Protein chains: 2
Amino acid sequence: MLELVNCPCTGATLDRLIQPAILVVLAEGPLHGYRVAERIGEMPGFGGQKPDASGIYRFLKSMEQKGLVVSSWDLSDSGPAKKCYQLAPEGKECLEHWIKTLEAYRHGITELLRAARKAAGGRHES
Amino acid sequence: MLELVNCPCTGATLDRLIQPAILVVLAEGPLHGYRVAERIGEMPGFGGQKPDASGIYRFLKSMEQKGLVVSSWDLSDSGPAKKCYQLAPEGKECLEHWIKTLEAYRHGITELLRAARKAAGGRHES
DNA sequence: GGCAGTATAGGAAATACTCCAATACCGGAG
DNA sequence: CTCCGGTATTGGAGTATTTCCTATACTGCC
């Protein structure tokens, strides 16, 4: 038997999609990093496991530097201070661009899948 | 206007998929690195631009170390020596695993797309 | 001979990602 | 009251991944 544990074919990480996922979550309404991470973890395609919080915070920070999101501190609730992020107009523009990109990705994956099935599935109904 | 040039939403790189793409190309028949890169460049989803050859060679090498492919030098034709790769049984197994992974990816992307359209496309039929 | 195209390969930098630790605030158990 | 667990943000460091640039070499063409 083959050990595919360390093989990317197990699909452990499709990390690039965390970025549009953040945009999508924020498009649904302003939210702070911790909840963003939780919401992404709930999304299908992320395997029910929430992504590394560090990574989310870093993404949010870089997105703010790019002007895609704006943040404000939310001290209203009890508990530690929350940095509340919301989508800037540029972020919405970026999200719309992502829609086209995701369509292209899906098309590419569909084609790859077709080719893979054709190549691998030729005869293996054992 | 927003400069989205350096934004991943432009979809410049869906690099992770180069690995199954190599597998698919090799599943269609033995081939050497240079042609593999060209074939991948022709595939939809890679934007018609052929990937970095260095990367392909490195992938092929690591795939050989993992036992997914086997190589042999082809000196039959004129021109520089070609290292011809072909899929090993483990590589085919990996490719079959990739099919499941790609299906999961596509599903995840579909869901993300649905959410993105809902969030961004609410009202902008201008 | 020099140049372009085919073909492989390696170094080094840049980037991305993960794991781990630190800080801080709150509420409840002991 | 003190410690612990959950919420919340952040930084450091190490590893993995990717890209860019370069080197080598062979062939055919001008």
# chains A, B, ... in the order shown; residues from 1 in each chain; ligands from 1

$ interface_residues --of "chain B" --to "chain D" --cutoff "10 Å" --atoms "only C-alpha atoms (C1' of nucleotides)" --output "list in words"
Asp15, Arg16, Asp52, Ser54, Gly55, Ser78, Gly79, Pro80 and Ala81 of chain B

$ interface_residues --of "chain B" --to "chain A" --cutoff "7 Å" --atoms "only C-alpha atoms" --output "JSON, numbers by chain"
{"B": [2, 9, 10, 11, 21, 24, 27, 28, 44, 45, 90, 92, 94, 95, 96, 97, 98, 99, 101, 102, 104, 105, 106, 107, 108, 109, 112, 113, 115, 116, 119, 120]}

$ calpha_fit_and_write --fixed "chain B" --moving "chain A" --output "tab-separated table (two decimals) with N, CA and C atoms, in the first residue's frame"
chain	number	residue	atom	x	y	z
A	1	MET	N	-10.18	54.55	-8.77
A	1	MET	CA	-10.11	53.13	-9.15
A	1	MET	C	-9.12	52.36	-8.27
A	2	LEU	N	-9.41	51.14	-8.14
A	2	LEU	CA	-8.59	50.30	-7.27
A	2	LEU	C	-7.56	49.52	-8.08
A	3	GLU	N	-6.40	49.45	-7.52
A	3	GLU	CA	-5.34	48.67	-8.15
A	3	GLU	C	-5.38	47.24	-7.63
A	4	LEU	N	-5.92	46.37	-8.44
A	4	LEU	CA	-6.02	44.97	-8.01
A	4	LEU	C	-4.86	44.14	-8.54
A	5	VAL	N	-3.87	44.83	-9.05
A	5	VAL	CA	-2.77	44.13	-9.70
A	5	VAL	C	-2.09	43.13	-8.78
A	6	ASN	N	-1.84	43.55	-7.56
A	6	ASN	CA	-1.13	42.66	-6.64
A	6	ASN	C	-2.07	41.82	-5.80
A	7	CYS	N	-3.32	41.84	-6.16
A	7	CYS	CA	-4.32	41.11	-5.38
A	7	CYS	C	-4.48	39.70	-5.95
A	8	PRO	N	-4.52	38.70	-5.08
A	8	PRO	CA	-4.68	37.33	-5.57
A	8	PRO	C	-6.01	37.12	-6.28
A	9	CYS	N	-6.93	38.06	-6.14
A	9	CYS	CA	-8.23	37.89	-6.80
A	9	CYS	C	-8.09	37.91	-8.32
A	10	THR	N	-6.94	38.35	-8.79
A	10	THR	CA	-6.69	38.30	-10.23
A	10	THR	C	-6.41	36.87	-10.68
A	11	GLY	N	-6.21	36.00	-9.70
A	11	GLY	CA	-6.09	34.58	-10.00
A	11	GLY	C	-4.83	34.22	-10.75
A	12	ALA	N	-3.79	34.96	-10.50
A	12	ALA	CA	-2.55	34.73	-11.23
A	12	ALA	C	-2.05	33.30	-11.04
A	13	THR	N	-2.20	32.79	-9.85
A	13	THR	CA	-1.58	31.50	-9.57
A	13	THR	C	-2.53	30.57	-8.83
A	14	LEU	N	-2.82	29.48	-9.46
A	14	LEU	CA	-3.51	28.40	-8.76
A	14	LEU	C	-2.56	27.22	-8.84
A	15	ASP	N	-1.38	27.49	-8.29
A	15	ASP	CA	-0.22	26.66	-8.54
A	15	ASP	C	-0.37	25.25	-8.04
A	16	ARG	N	-1.09	25.12	-6.97
A	16	ARG	CA	-1.23	23.80	-6.39
A	16	ARG	C	-1.72	22.78	-7.41
A	17	LEU	N	-2.44	23.28	-8.40
A	17	LEU	CA	-3.01	22.36	-9.38
A	17	LEU	C	-2.00	21.91	-10.43
A	18	ILE	N	-0.81	22.44	-10.37
A	18	ILE	CA	0.21	21.98	-11.30
A	18	ILE	C	0.53	20.51	-11.02
A	19	GLN	N	0.47	20.14	-9.78
A	19	GLN	CA	0.82	18.77	-9.43
A	19	GLN	C	-0.15	17.75	-10.03
A	20	PRO	N	-1.46	17.89	-9.84
A	20	PRO	CA	-2.34	16.94	-10.52
A	20	PRO	C	-2.24	17.08	-12.03
A	21	ALA	N	-1.97	18.28	-12.52
A	21	ALA	CA	-1.85	18.46	-13.97
A	21	ALA	C	-0.70	17.63	-14.52
A	22	ILE	N	0.41	17.60	-13.81
A	22	ILE	CA	1.53	16.76	-14.24
A	22	ILE	C	1.10	15.30	-14.29
A	23	LEU	N	0.42	14.88	-13.25
A	23	LEU	CA	-0.05	13.50	-13.19
A	23	LEU	C	-0.96	13.19	-14.38
A	24	VAL	N	-1.85	14.12	-14.68
A	24	VAL	CA	-2.78	13.92	-15.80
A	24	VAL	C	-2.02	13.80	-17.11
A	25	VAL	N	-1.09	14.73	-17.32
A	25	VAL	CA	-0.32	14.71	-18.56
A	25	VAL	C	0.44	13.40	-18.70
A	26	LEU	N	1.06	12.96	-17.61
A	26	LEU	CA	1.82	11.71	-17.66
A	26	LEU	C	0.91	10.49	-17.81
A	27	ALA	N	-0.30	10.61	-17.32
A	27	ALA	CA	-1.24	9.49	-17.45
A	27	ALA	C	-1.61	9.28	-18.92
A	28	GLU	N	-1.52	10.35	-19.69
A	28	GLU	CA	-1.84	10.24	-21.12
A	28	GLU	C	-0.70	9.56	-21.88
A	29	GLY	N	0.44	9.46	-21.25
A	29	GLY	CA	1.57	8.81	-21.89
A	29	GLY	C	2.88	9.36	-21.36
A	30	PRO	N	3.94	8.57	-21.46
A	30	PRO	CA	5.26	9.01	-20.97
A	30	PRO	C	5.69	10.27	-21.71
A	31	LEU	N	6.35	11.14	-20.99
A	31	LEU	CA	6.76	12.42	-21.56
A	31	LEU	C	7.92	12.97	-20.74
A	32	HIS	N	8.67	13.85	-21.36
A	32	HIS	CA	9.76	14.48	-20.61
A	32	HIS	C	9.35	15.88	-20.18
A	33	GLY	N	10.09	16.40	-19.21
A	33	GLY	CA	9.73	17.63	-18.52
A	33	GLY	C	9.36	18.81	-19.40
A	34	TYR	N	10.15	19.02	-20.41
A	34	TYR	CA	9.93	20.19	-21.27
A	34	TYR	C	8.55	20.14	-21.91
A	35	ARG	N	8.18	18.96	-22.42
A	35	ARG	CA	6.87	18.82	-23.06
A	35	ARG	C	5.74	18.86	-22.03
A	36	VAL	N	6.02	18.33	-20.86
A	36	VAL	CA	5.02	18.39	-19.78
A	36	VAL	C	4.65	19.84	-19.51
A	37	ALA	N	5.68	20.66	-19.43
A	37	ALA	CA	5.45	22.09	-19.17
A	37	ALA	C	4.62	22.71	-20.29
A	38	GLU	N	4.97	22.35	-21.53
A	38	GLU	CA	4.22	22.89	-22.67
A	38	GLU	C	2.76	22.44	-22.64
A	39	ARG	N	2.56	21.16	-22.37
A	39	ARG	CA	1.20	20.61	-22.35
A	39	ARG	C	0.36	21.27	-21.26
A	40	ILE	N	0.97	21.51	-20.12
A	40	ILE	CA	0.24	22.16	-19.03
A	40	ILE	C	-0.12	23.59	-19.43
A	41	GLY	N	0.80	24.23	-20.11
A	41	GLY	CA	0.53	25.58	-20.58
A	41	GLY	C	-0.66	25.63	-21.53
A	42	GLU	N	-0.86	24.54	-22.25
A	42	GLU	CA	-1.98	24.50	-23.20
A	42	GLU	C	-3.32	24.25	-22.51
A	43	MET	N	-3.26	23.72	-21.30
A	43	MET	CA	-4.49	23.36	-20.61
A	43	MET	C	-5.26	24.60	-20.17
A	44	PRO	N	-6.59	24.54	-20.24
A	44	PRO	CA	-7.37	25.66	-19.74
A	44	PRO	C	-7.18	25.74	-18.22
A	45	GLY	N	-7.25	26.94	-17.71
A	45	GLY	CA	-7.04	27.11	-16.28
A	45	GLY	C	-5.62	27.50	-15.96
A	46	PHE	N	-4.78	27.41	-16.94
A	46	PHE	CA	-3.40	27.87	-16.74
A	46	PHE	C	-3.10	29.05	-17.64
A	47	GLY	N	-4.15	29.62	-18.15
A	47	GLY	CA	-4.04	30.90	-18.85
A	47	GLY	C	-3.20	30.88	-20.11
A	48	GLY	N	-3.00	29.69	-20.67
A	48	GLY	CA	-2.23	29.63	-21.91
A	48	GLY	C	-0.75	29.92	-21.75
A	49	GLN	N	-0.36	30.25	-20.53
A	49	GLN	CA	1.06	30.53	-20.33
A	49	GLN	C	1.73	29.33	-19.66
A	50	LYS	N	2.82	28.91	-20.26
A	50	LYS	CA	3.43	27.71	-19.70
A	50	LYS	C	4.11	28.04	-18.38
A	51	PRO	N	3.99	27.10	-17.45
A	51	PRO	CA	4.55	27.33	-16.12
A	51	PRO	C	6.06	27.33	-16.16
A	52	ASP	N	6.64	27.82	-15.09
A	52	ASP	CA	8.09	27.86	-14.96
A	52	ASP	C	8.67	26.46	-15.10
A	53	ALA	N	9.58	26.30	-16.05
A	53	ALA	CA	10.15	24.99	-16.32
A	53	ALA	C	10.88	24.44	-15.09
A	54	SER	N	11.60	25.32	-14.42
A	54	SER	CA	12.30	24.92	-13.21
A	54	SER	C	11.37	24.21	-12.24
A	55	GLY	N	10.23	24.81	-12.04
A	55	GLY	CA	9.26	24.24	-11.12
A	55	GLY	C	8.80	22.86	-11.54
A	56	ILE	N	8.54	22.68	-12.83
A	56	ILE	CA	8.12	21.38	-13.33
A	56	ILE	C	9.19	20.33	-13.07
A	57	TYR	N	10.43	20.68	-13.40
A	57	TYR	CA	11.51	19.72	-13.19
A	57	TYR	C	11.63	19.35	-11.72
A	58	ARG	N	11.49	20.36	-10.87
A	58	ARG	CA	11.58	20.07	-9.44
A	58	ARG	C	10.44	19.17	-8.97
A	59	PHE	N	9.24	19.46	-9.46
A	59	PHE	CA	8.10	18.63	-9.10
A	59	PHE	C	8.34	17.19	-9.54
A	60	LEU	N	8.79	17.04	-10.79
A	60	LEU	CA	9.02	15.70	-11.31
A	60	LEU	C	10.04	14.95	-10.47
A	61	LYS	N	11.09	15.67	-10.08
A	61	LYS	CA	12.12	15.04	-9.27
A	61	LYS	C	11.55	14.58	-7.93
A	62	SER	N	10.80	15.46	-7.29
A	62	SER	CA	10.25	15.09	-5.97
A	62	SER	C	9.21	13.97	-6.13
A	63	MET	N	8.48	14.01	-7.25
A	63	MET	CA	7.52	12.94	-7.49
A	63	MET	C	8.22	11.61	-7.71
A	64	GLU	N	9.38	11.67	-8.30
A	64	GLU	CA	10.13	10.43	-8.50
A	64	GLU	C	10.63	9.89	-7.15
A	65	GLN	N	11.10	10.83	-6.31
A	65	GLN	CA	11.56	10.41	-4.99
A	65	GLN	C	10.44	9.78	-4.18
A	66	LYS	N	9.22	10.25	-4.41
A	66	LYS	CA	8.07	9.69	-3.70
A	66	LYS	C	7.59	8.40	-4.36
A	67	GLY	N	8.15	8.10	-5.50
A	67	GLY	CA	7.75	6.87	-6.17
A	67	GLY	C	6.51	6.99	-7.04
A	68	LEU	N	6.09	8.21	-7.33
A	68	LEU	CA	4.89	8.39	-8.15
A	68	LEU	C	5.19	8.24	-9.63
A	69	VAL	N	6.41	8.54	-10.01
A	69	VAL	CA	6.81	8.42	-11.41
A	69	VAL	C	8.18	7.74	-11.48
A	70	VAL	N	8.48	7.18	-12.64
A	70	VAL	CA	9.82	6.65	-12.87
A	70	VAL	C	10.38	7.31	-14.12
A	71	SER	N	11.68	7.47	-14.14
A	71	SER	CA	12.29	8.16	-15.28
A	71	SER	C	13.31	7.28	-15.98
A	72	SER	N	13.51	7.59	-17.24
A	72	SER	CA	14.58	6.94	-17.99
A	72	SER	C	15.07	7.91	-19.05
A	73	TRP	N	16.35	7.84	-19.32
A	73	TRP	CA	16.91	8.76	-20.29
A	73	TRP	C	16.60	8.28	-21.70
A	74	ASP	N	16.15	9.25	-22.48
A	74	ASP	CA	15.81	8.95	-23.87
A	74	ASP	C	16.83	9.65	-24.76
A	75	LEU	N	17.69	8.84	-25.38
A	75	LEU	CA	18.74	9.40	-26.23
A	75	LEU	C	18.47	9.10	-27.70
A	76	SER	N	17.29	8.52	-27.96
A	76	SER	CA	17.01	8.05	-29.32
A	76	SER	C	16.96	9.19	-30.33
A	77	ASP	N	16.21	10.24	-30.01
A	77	ASP	CA	16.11	11.35	-30.96
A	77	ASP	C	17.37	12.20	-30.93
A	78	SER	N	17.52	12.96	-31.96
A	78	SER	CA	18.62	13.93	-31.96
A	78	SER	C	18.24	15.04	-30.99
A	79	GLY	N	19.22	15.81	-30.62
A	79	GLY	CA	18.98	16.88	-29.67
A	79	GLY	C	19.46	16.48	-28.30
A	80	PRO	N	19.29	17.35	-27.35
A	80	PRO	CA	19.77	17.06	-25.99
A	80	PRO	C	19.03	15.88	-25.39
A	81	ALA	N	19.68	15.24	-24.44
A	81	ALA	CA	19.09	14.08	-23.78
A	81	ALA	C	17.79	14.48	-23.10
A	82	LYS	N	16.81	13.58	-23.18
A	82	LYS	CA	15.52	13.83	-22.56
A	82	LYS	C	15.28	12.82	-21.46
A	83	LYS	N	14.86	13.32	-20.32
A	83	LYS	CA	14.52	12.42	-19.24
A	83	LYS	C	13.04	12.14	-19.33
A	84	CYS	N	12.75	10.91	-19.70
A	84	CYS	CA	11.36	10.54	-19.96
A	84	CYS	C	10.71	9.99	-18.70
A	85	TYR	N	9.64	10.64	-18.30
A	85	TYR	CA	8.94	10.21	-17.09
A	85	TYR	C	7.68	9.44	-17.45
A	86	GLN	N	7.42	8.41	-16.67
A	86	GLN	CA	6.11	7.76	-16.81
A	86	GLN	C	5.54	7.44	-15.44
A	87	LEU	N	4.23	7.34	-15.43
A	87	LEU	CA	3.51	7.13	-14.19
A	87	LEU	C	3.80	5.75	-13.61
A	88	ALA	N	4.10	5.73	-12.32
A	88	ALA	CA	4.21	4.46	-11.60
A	88	ALA	C	2.82	4.10	-11.07
A	89	PRO	N	2.62	2.86	-10.67
A	89	PRO	CA	1.31	2.49	-10.10
A	89	PRO	C	0.90	3.41	-8.95
A	90	GLU	N	1.88	3.81	-8.14
A	90	GLU	CA	1.59	4.73	-7.03
A	90	GLU	C	1.11	6.07	-7.56
A	91	GLY	N	1.67	6.47	-8.70
A	91	GLY	CA	1.25	7.73	-9.30
A	91	GLY	C	-0.19	7.67	-9.78
A	92	LYS	N	-0.56	6.51	-10.29
A	92	LYS	CA	-1.94	6.34	-10.74
A	92	LYS	C	-2.90	6.37	-9.55
A	93	GLU	N	-2.43	5.73	-8.48
A	93	GLU	CA	-3.22	5.75	-7.25
A	93	GLU	C	-3.39	7.19	-6.76
A	94	CYS	N	-2.30	7.92	-6.83
A	94	CYS	CA	-2.31	9.32	-6.42
A	94	CYS	C	-3.27	10.12	-7.30
A	95	LEU	N	-3.24	9.85	-8.60
A	95	LEU	CA	-4.13	10.55	-9.53
A	95	LEU	C	-5.59	10.26	-9.20
A	96	GLU	N	-5.87	9.01	-8.86
A	96	GLU	CA	-7.25	8.67	-8.51
A	96	GLU	C	-7.68	9.39	-7.24
A	97	HIS	N	-6.72	9.53	-6.34
A	97	HIS	CA	-7.01	10.28	-5.13
A	97	HIS	C	-7.26	11.75	-5.46
A	98	TRP	N	-6.47	12.25	-6.38
A	98	TRP	CA	-6.63	13.64	-6.82
A	98	TRP	C	-8.02	13.89	-7.39
A	99	ILE	N	-8.57	12.88	-8.04
A	99	ILE	CA	-9.91	13.06	-8.61
A	99	ILE	C	-10.90	13.39	-7.49
A	100	LYS	N	-10.82	12.64	-6.41
A	100	LYS	CA	-11.70	12.93	-5.28
A	100	LYS	C	-11.42	14.31	-4.71
A	101	THR	N	-10.11	14.63	-4.62
A	101	THR	CA	-9.73	15.94	-4.08
A	101	THR	C	-10.23	17.07	-4.96
A	102	LEU	N	-10.09	16.89	-6.26
A	102	LEU	CA	-10.54	17.92	-7.19
A	102	LEU	C	-12.06	18.09	-7.12
A	103	GLU	N	-12.76	16.98	-6.94
A	103	GLU	CA	-14.22	17.07	-6.79
A	103	GLU	C	-14.55	17.88	-5.55
A	104	ALA	N	-13.81	17.61	-4.48
A	104	ALA	CA	-14.05	18.36	-3.24
A	104	ALA	C	-13.72	19.84	-3.43
A	105	TYR	N	-12.62	20.10	-4.14
A	105	TYR	CA	-12.24	21.49	-4.43
A	105	TYR	C	-13.36	22.18	-5.19
A	106	ARG	N	-13.83	21.48	-6.22
A	106	ARG	CA	-14.84	22.10	-7.06
A	106	ARG	C	-16.10	22.38	-6.26
A	107	HIS	N	-16.43	21.43	-5.41
A	107	HIS	CA	-17.61	21.64	-4.57
A	107	HIS	C	-17.41	22.83	-3.65
A	108	GLY	N	-16.23	22.89	-3.04
A	108	GLY	CA	-15.92	24.02	-2.16
A	108	GLY	C	-15.98	25.34	-2.90
A	109	ILE	N	-15.43	25.36	-4.11
A	109	ILE	CA	-15.44	26.58	-4.91
A	109	ILE	C	-16.86	26.95	-5.31
A	110	THR	N	-17.65	25.94	-5.65
A	110	THR	CA	-19.05	26.20	-6.01
A	110	THR	C	-19.79	26.85	-4.85
A	111	GLU	N	-19.57	26.32	-3.67
A	111	GLU	CA	-20.24	26.88	-2.48
A	111	GLU	C	-19.76	28.30	-2.20
A	112	LEU	N	-18.44	28.47	-2.35
A	112	LEU	CA	-17.85	29.79	-2.12
A	112	LEU	C	-18.43	30.79	-3.12
A	113	LEU	N	-18.56	30.31	-4.34
A	113	LEU	CA	-19.08	31.14	-5.42
A	113	LEU	C	-20.53	31.53	-5.12
A	114	ARG	N	-21.29	30.55	-4.67
A	114	ARG	CA	-22.69	30.82	-4.35
A	114	ARG	C	-22.76	31.90	-3.27
A	115	ALA	N	-21.96	31.70	-2.24
A	115	ALA	CA	-21.96	32.66	-1.13
A	115	ALA	C	-21.47	34.03	-1.59
A	116	ALA	N	-20.46	34.02	-2.45
A	116	ALA	CA	-19.91	35.29	-2.94
A	116	ALA	C	-20.93	36.04	-3.79
A	117	ARG	N	-21.63	35.29	-4.64
A	117	ARG	CA	-22.64	35.94	-5.49
A	117	ARG	C	-23.76	36.51	-4.63
A	118	LYS	N	-24.14	35.73	-3.66
A	118	LYS	CA	-25.21	36.18	-2.77
A	118	LYS	C	-24.79	37.44	-2.03
A	119	ALA	N	-23.55	37.44	-1.57
A	119	ALA	CA	-23.07	38.57	-0.77
A	119	ALA	C	-22.79	39.80	-1.62
A	120	ALA	N	-22.20	39.57	-2.78
A	120	ALA	CA	-21.76	40.72	-3.59
A	120	ALA	C	-22.82	41.14	-4.60
A	121	GLY	N	-23.55	40.15	-5.10
A	121	GLY	CA	-24.46	40.44	-6.21
A	121	GLY	C	-25.84	40.86	-5.77
A	122	GLY	N	-26.01	41.10	-4.49
A	122	GLY	CA	-27.32	41.48	-3.99
A	122	GLY	C	-27.97	42.58	-4.81
A	123	ARG	N	-27.22	43.65	-5.03
A	123	ARG	CA	-27.77	44.77	-5.81
A	123	ARG	C	-26.62	45.55	-6.43
A	124	HIS	N	-26.31	45.18	-7.65
A	124	HIS	CA	-25.30	45.96	-8.37
A	124	HIS	C	-25.51	45.83	-9.86
A	125	GLU	N	-26.75	46.02	-10.30
A	125	GLU	CA	-27.03	45.91	-11.74
A	125	GLU	C	-26.87	47.26	-12.42
A	126	SER	N	-26.05	48.11	-11.81
A	126	SER	CA	-25.85	49.44	-12.39
A	126	SER	C	-25.18	49.33	-13.74

$ select_by_dssp --residues "chain A" --states "strand (DSSP E)" --output "list of chain:residue names"
A:Leu31, A:His32, A:Val69, A:Val70, A:Ser71, A:Ser72, A:Trp73, A:Asp74, A:Lys82, A:Lys83, A:Cys84, A:Tyr85, A:Gln86, A:Leu87

$ write_last_selection --atoms "N, CA and C atoms" --output "JSON list (two decimals), in the first residue's frame"
[["chain", "number", "residue", "atom", "x", "y", "z"],
["A", 31, "LEU", "N", -17.25, 41.89, 11.04],
["A", 31, "LEU", "CA", -16.92, 40.82, 11.97],
["A", 31, "LEU", "C", -15.47, 40.98, 12.40],
["A", 32, "HIS", "N", -15.16, 40.40, 13.54],
["A", 32, "HIS", "CA", -13.77, 40.44, 13.98],
["A", 32, "HIS", "C", -13.09, 39.10, 13.70],
["A", 69, "VAL", "N", -10.20, 46.32, 3.43],
["A", 69, "VAL", "CA", -11.07, 46.34, 4.60],
["A", 69, "VAL", "C", -10.67, 47.50, 5.51],
["A", 70, "VAL", "N", -11.59, 47.89, 6.37],
["A", 70, "VAL", "CA", -11.26, 48.89, 7.38],
["A", 70, "VAL", "C", -11.62, 48.30, 8.75],
["A", 71, "SER", "N", -10.87, 48.70, 9.75],
["A", 71, "SER", "CA", -11.09, 48.13, 11.07],
["A", 71, "SER", "C", -11.42, 49.20, 12.09],
["A", 72, "SER", "N", -12.12, 48.77, 13.13],
["A", 72, "SER", "CA", -12.37, 49.65, 14.26],
["A", 72, "SER", "C", -12.48, 48.79, 15.50],
["A", 73, "TRP", "N", -12.03, 49.34, 16.60],
["A", 73, "TRP", "CA", -12.06, 48.57, 17.83],
["A", 73, "TRP", "C", -13.47, 48.59, 18.42],
["A", 74, "ASP", "N", -13.89, 47.40, 18.79],
["A", 74, "ASP", "CA", -15.21, 47.26, 19.39],
["A", 74, "ASP", "C", -15.03, 46.90, 20.86],
["A", 82, "LYS", "N", -12.26, 43.71, 20.63],
["A", 82, "LYS", "CA", -12.39, 43.06, 19.33],
["A", 82, "LYS", "C", -12.12, 44.06, 18.24],
["A", 83, "LYS", "N", -11.30, 43.66, 17.29],
["A", 83, "LYS", "CA", -11.06, 44.52, 16.15],
["A", 83, "LYS", "C", -12.04, 44.13, 15.07],
["A", 84, "CYS", "N", -12.97, 45.03, 14.84],
["A", 84, "CYS", "CA", -14.05, 44.73, 13.92],
["A", 84, "CYS", "C", -13.70, 45.18, 12.51],
["A", 85, "TYR", "N", -13.72, 44.24, 11.60],
["A", 85, "TYR", "CA", -13.37, 44.55, 10.22],
["A", 85, "TYR", "C", -14.63, 44.64, 9.37],
["A", 86, "GLN", "N", -14.62, 45.59, 8.46],
["A", 86, "GLN", "CA", -15.69, 45.59, 7.46],
["A", 86, "GLN", "C", -15.12, 45.90, 6.09],
["A", 87, "LEU", "N", -15.85, 45.44, 5.09],
["A", 87, "LEU", "CA", -15.41, 45.56, 3.72],
["A", 87, "LEU", "C", -15.40, 47.01, 3.27]]

$ closest_atom_pairs --of "chain C" --to "chain B" --cutoff "9 Å" --atoms "only C-alpha atoms (C1' of nucleotides)" --output "CSV"
residue,atom,partner,partner_atom,distance
C:DT6,C1',B:Pro80,CA,7.0
C:DA7,C1',B:Pro80,CA,5.7
C:DT8,C1',B:Tyr57,CA,7.7
C:DA9,C1',B:Ser54,CA,7.6

$ select_by_dssp --residues "segment 4-90 of chain B" --states "alpha helix (DSSP H)" --output "PyMOL selection string"
chain B and resi 18-27+33-42+53-65+89-90
